[in-house]
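Presented below is the structure to which this report refers.
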Amino acid sequence: MAAYNKWEFLRDFCNHFFGLFNSGQIYPAFALFVLAIIALIFFRVPGDQLPGVIAQIIEALQGSRGLAYVLLAVSNVLWVWHGREQRGKYLAEINRLAAIRKALMHGTSPVIIKEHRSSTGQQEESYLMPTNPDATDPSEGKS
Amino acid sequence: MNTLIFLLVATLVLYVMSLHISAYNELRFTAYRFRYFELRDKLAMLVVQGKLREDSWEYQHIVSTINFHISAVETVSIIRLVTMLIRYHTSSIEQQQVRALRRNIGDPAVARIMVEYMETTMDLIRRNSRAQIALIGLATRVMDRFGSKARPEHELVVNPNEALTAIETRKSEFQAAAAA
């Protein structure tokens, strides 16, 4: 088997690079690029100047501007968490429906449900309390 | 100028936070809908398995009740939803129908579905009326110090605790039926 050479690496790199454009993921990739620049700056700063730079950053983050940055960071984290929660709930629902489909496909019961009862079909005026005239107590009058 | 920019940024931040909260509330409501869907499907599966008749009063009433809750969660605002569910679960018609249902349920599986339905509804009411529950609790404690004269003659807010207590009582009755 031929060794993985620089041209193959370049081809894979280009494929992934265009993949970022195609999938709309170029902005997170750009953020990573900016983070890499920041890391490079920290790496290149002489050791004795580093505490001064960190102190300046902390100073800039104090006050209302700092609060805005913190809220922005919290907001981003919450969006990620929200997306994950949402995906989890939808996946659980899909799995539940898949289990029902499996039970119906492989079940042996000949019984079918004749009337479809959905929330939109039965409760069109949902702001009203349900008043089903047929829903009377069948044992009413019995002692 | 700095103050104006700060106020503008603060407004934008608050707007973004409100979007978060709104999206989160929507997600919570979706989760409640899914829980009700699950209950309705469990009931339908009992029919398919031949354990419950489709034309039985129990099946039709429970499906109708679950559909009412799904529809309410889908279409009604939080404030209206809480008020509506509290009135629904404390109404005399609902109490009569639940009593009738309890008498007619023969299959413990149906009783288990009713228990789950009540747990879901209690969660829904409790989660969306936390402020009223806390405020009523605080007001009750304060008024207890001043005696019964301090109590208002008219209802100022609907009391979620009444509905929660009513549902809890019915839930324990259905739990007994489920265990039978």
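Chain labels A, B, ... are given in the sequence in which chains occur in the structure tokens; within each chain residues are numbered consecutively from 1, and ligands are likewise numbered from 1 in the order shown.
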
Contacts of range 18-20 of chain B at 9 Å (only C-alpha atoms; same-chain gap of 4+ positions) as a PyMOL selection string: (chain A and resi 75+78-79+82) or (chain B and resi 13-14+24-25)

Save out the residues we just selected, C-alpha atoms, as a PDB file, in the first residue's frame.
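Output below, filename result-v7.pdb:
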ATOM      1  CA  SER A  75     -25.537  32.584  25.838  1.00  0.00           C
ATOM      2  CA  LEU A  78     -26.782  27.715  26.578  1.00  0.00           C
ATOM      3  CA  TRP A  79     -27.502  27.452  22.849  1.00  0.00           C
ATOM      4  CA  HIS A  82     -30.351  23.642  24.234  1.00  0.00           C
TER       5      HIS A  82
ATOM      6  CA  VAL B  13     -28.383  41.144  25.653  1.00  0.00           C
ATOM      7  CA  LEU B  14     -31.794  41.035  27.344  1.00  0.00           C
ATOM      8  CA  TYR B  24     -36.365  26.661  26.200  1.00  0.00           C
ATOM      9  CA  ASN B  25     -40.053  26.985  27.087  1.00  0.00           C
TER      10      ASN B  25
END

Determine which residues of range 42-128 of chain B receive a DSSP assignment of alpha helix (DSSP H), computed from the backbone, and state them as a PDB file with C-alpha atoms, in the first residue's frame.
ATOM      1  CA  LYS B  42     -49.928   3.146  24.819  1.00  0.00           C
ATOM      2  CA  LEU B  43     -53.704   3.276  25.026  1.00  0.00           C
ATOM      3  CA  ALA B  44     -54.059   2.646  21.291  1.00  0.00           C
ATOM      4  CA  MET B  45     -51.722  -0.328  21.593  1.00  0.00           C
ATOM      5  CA  LEU B  46     -54.015  -1.808  24.235  1.00  0.00           C
ATOM      6  CA  VAL B  47     -56.810  -1.641  21.647  1.00  0.00           C
ATOM      7  CA  VAL B  48     -54.613  -3.215  18.984  1.00  0.00           C
ATOM      8  CA  TRP B  57     -66.383   4.691  27.087  1.00  0.00           C
ATOM      9  CA  GLU B  58     -63.026   4.549  28.910  1.00  0.00           C
ATOM     10  CA  TYR B  59     -60.991   4.554  25.709  1.00  0.00           C
ATOM     11  CA  GLN B  60     -62.924   7.375  24.125  1.00  0.00           C
ATOM     12  CA  HIS B  61     -62.903   9.503  27.247  1.00  0.00           C
ATOM     13  CA  ILE B  62     -59.198   9.052  27.985  1.00  0.00           C
ATOM     14  CA  VAL B  63     -58.178   9.736  24.377  1.00  0.00           C
ATOM     15  CA  SER B  64     -60.376  12.817  24.315  1.00  0.00           C
ATOM     16  CA  THR B  65     -58.853  14.073  27.574  1.00  0.00           C
ATOM     17  CA  ILE B  66     -55.295  13.465  26.384  1.00  0.00           C
ATOM     18  CA  ASN B  67     -56.072  15.180  23.082  1.00  0.00           C
ATOM     19  CA  PHE B  68     -57.419  18.167  24.965  1.00  0.00           C
ATOM     20  CA  HIS B  69     -54.134  18.454  26.867  1.00  0.00           C
ATOM     21  CA  ILE B  70     -52.012  18.023  23.719  1.00  0.00           C
ATOM     22  CA  SER B  71     -54.019  20.649  21.918  1.00  0.00           C
ATOM     23  CA  ALA B  72     -53.801  23.023  24.863  1.00  0.00           C
ATOM     24  CA  VAL B  73     -50.028  22.613  25.095  1.00  0.00           C
ATOM     25  CA  GLU B  74     -49.684  23.196  21.334  1.00  0.00           C
ATOM     26  CA  THR B  75     -51.849  26.248  20.939  1.00  0.00           C
ATOM     27  CA  ILE B  78     -48.534  29.568  29.219  1.00  0.00           C
ATOM     28  CA  ILE B  79     -50.711  31.920  31.273  1.00  0.00           C
ATOM     29  CA  ARG B  80     -53.925  30.729  29.644  1.00  0.00           C
ATOM     30  CA  LEU B  81     -52.814  27.094  29.778  1.00  0.00           C
ATOM     31  CA  VAL B  82     -52.266  27.119  33.533  1.00  0.00           C
ATOM     32  CA  THR B  83     -55.593  28.840  34.207  1.00  0.00           C
ATOM     33  CA  MET B  84     -57.431  26.488  31.874  1.00  0.00           C
ATOM     34  CA  LEU B  85     -55.909  23.304  33.304  1.00  0.00           C
ATOM     35  CA  ILE B  86     -56.553  24.398  36.885  1.00  0.00           C
ATOM     36  CA  ARG B  87     -60.209  25.135  36.091  1.00  0.00           C
ATOM     37  CA  TYR B  88     -60.490  21.872  34.160  1.00  0.00           C
ATOM     38  CA  HIS B  89     -59.063  19.701  36.930  1.00  0.00           C
ATOM     39  CA  THR B  90     -61.105  21.349  39.661  1.00  0.00           C
ATOM     40  CA  SER B  92     -67.225  19.172  38.987  1.00  0.00           C
ATOM     41  CA  ILE B  93     -67.787  17.628  35.513  1.00  0.00           C
ATOM     42  CA  GLU B  94     -64.195  16.413  35.409  1.00  0.00           C
ATOM     43  CA  GLN B  95     -64.497  15.031  38.937  1.00  0.00           C
ATOM     44  CA  GLN B  96     -67.645  13.098  37.974  1.00  0.00           C
ATOM     45  CA  GLN B  97     -66.007  11.710  34.853  1.00  0.00           C
ATOM     46  CA  VAL B  98     -62.869  10.630  36.716  1.00  0.00           C
ATOM     47  CA  ARG B  99     -65.036   8.892  39.333  1.00  0.00           C
ATOM     48  CA  ALA B 100     -66.904   7.092  36.551  1.00  0.00           C
ATOM     49  CA  LEU B 101     -63.646   6.152  34.906  1.00  0.00           C
ATOM     50  CA  ARG B 102     -62.244   4.755  38.128  1.00  0.00           C
ATOM     51  CA  ARG B 103     -65.312   2.565  38.569  1.00  0.00           C
ATOM     52  CA  ASN B 104     -65.164   1.274  34.994  1.00  0.00           C
ATOM     53  CA  PRO B 108     -54.601  -2.376  35.479  1.00  0.00           C
ATOM     54  CA  ALA B 109     -52.685  -1.300  32.346  1.00  0.00           C
ATOM     55  CA  VAL B 110     -55.296   1.414  31.726  1.00  0.00           C
ATOM     56  CA  ALA B 111     -55.024   2.512  35.359  1.00  0.00           C
ATOM     57  CA  ARG B 112     -51.242   2.766  34.940  1.00  0.00           C
ATOM     58  CA  ILE B 113     -51.758   4.994  31.897  1.00  0.00           C
ATOM     59  CA  MET B 114     -54.061   7.193  33.975  1.00  0.00           C
ATOM     60  CA  VAL B 115     -51.406   7.440  36.709  1.00  0.00           C
ATOM     61  CA  GLU B 116     -48.813   8.518  34.126  1.00  0.00           C
ATOM     62  CA  TYR B 117     -51.258  10.991  32.613  1.00  0.00           C
ATOM     63  CA  MET B 118     -51.839  12.546  36.035  1.00  0.00           C
ATOM     64  CA  GLU B 119     -48.123  12.713  36.790  1.00  0.00           C
ATOM     65  CA  THR B 120     -47.503  14.443  33.458  1.00  0.00           C
ATOM     66  CA  THR B 121     -50.307  16.921  34.067  1.00  0.00           C
ATOM     67  CA  MET B 122     -49.097  17.659  37.588  1.00  0.00           C
ATOM     68  CA  ASP B 123     -45.595  18.286  36.241  1.00  0.00           C
ATOM     69  CA  LEU B 124     -47.040  20.561  33.584  1.00  0.00           C
ATOM     70  CA  ILE B 125     -49.098  22.620  36.025  1.00  0.00           C
ATOM     71  CA  ARG B 126     -46.363  22.752  38.658  1.00  0.00           C
ATOM     72  CA  ARG B 127     -43.660  23.778  36.202  1.00  0.00           C
ATOM     73  CA  ASN B 128     -45.749  26.548  34.664  1.00  0.00           C
TER      74      ASN B 128
END

Spatial neighbours of range 58-69 of chain A, 9 Å, only C-alpha atoms, chain gap at least 5 places, as a PDB file with C-alpha atoms, in the first residue's frame:
ATOM      1  CA  VAL A  53      -0.997  41.214  28.982  1.00  0.00           C
ATOM      2  CA  VAL A  74     -23.081  32.081  28.669  1.00  0.00           C
TER       3      VAL A  74
ATOM      4  CA  PHE B   6     -24.311  50.494  27.334  1.00  0.00           C
ATOM      5  CA  VAL B   9     -25.991  46.628  24.449  1.00  0.00           C
ATOM      6  CA  ALA B  10     -27.976  45.765  27.591  1.00  0.00           C
ATOM      7  CA  VAL B  13     -28.383  41.144  25.653  1.00  0.00           C
TER       8      VAL B  13
END

Non-local contacts of Arg96 in chain A (12 Å; only C-alpha atoms; under 6 positions in same chain excluded) as a PDB file with C-alpha atoms, in the first residue's frame:
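The result, written out as result-v5.pdb:
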ATOM      1  CA  LYS A  89     -35.808  14.632  23.037  1.00  0.00           C
ATOM      2  CA  TYR A  90     -36.539  14.254  19.329  1.00  0.00           C
ATOM      3  CA  LYS A 102     -41.816  -2.686  15.128  1.00  0.00           C
ATOM      4  CA  ALA A 103     -44.483  -4.018  17.508  1.00  0.00           C
TER       5      ALA A 103
ATOM      6  CA  PHE B  34     -44.288  13.863  23.514  1.00  0.00           C
ATOM      7  CA  ARG B  35     -45.234  12.491  26.931  1.00  0.00           C
ATOM      8  CA  PHE B  37     -48.342  11.252  22.645  1.00  0.00           C
ATOM      9  CA  GLU B  38     -46.716   8.317  24.392  1.00  0.00           C
ATOM     10  CA  LEU B  39     -49.706   7.850  26.689  1.00  0.00           C
ATOM     11  CA  ASP B  41     -50.100   5.501  21.831  1.00  0.00           C
ATOM     12  CA  LYS B  42     -49.928   3.146  24.819  1.00  0.00           C
TER      13      LYS B  42
END
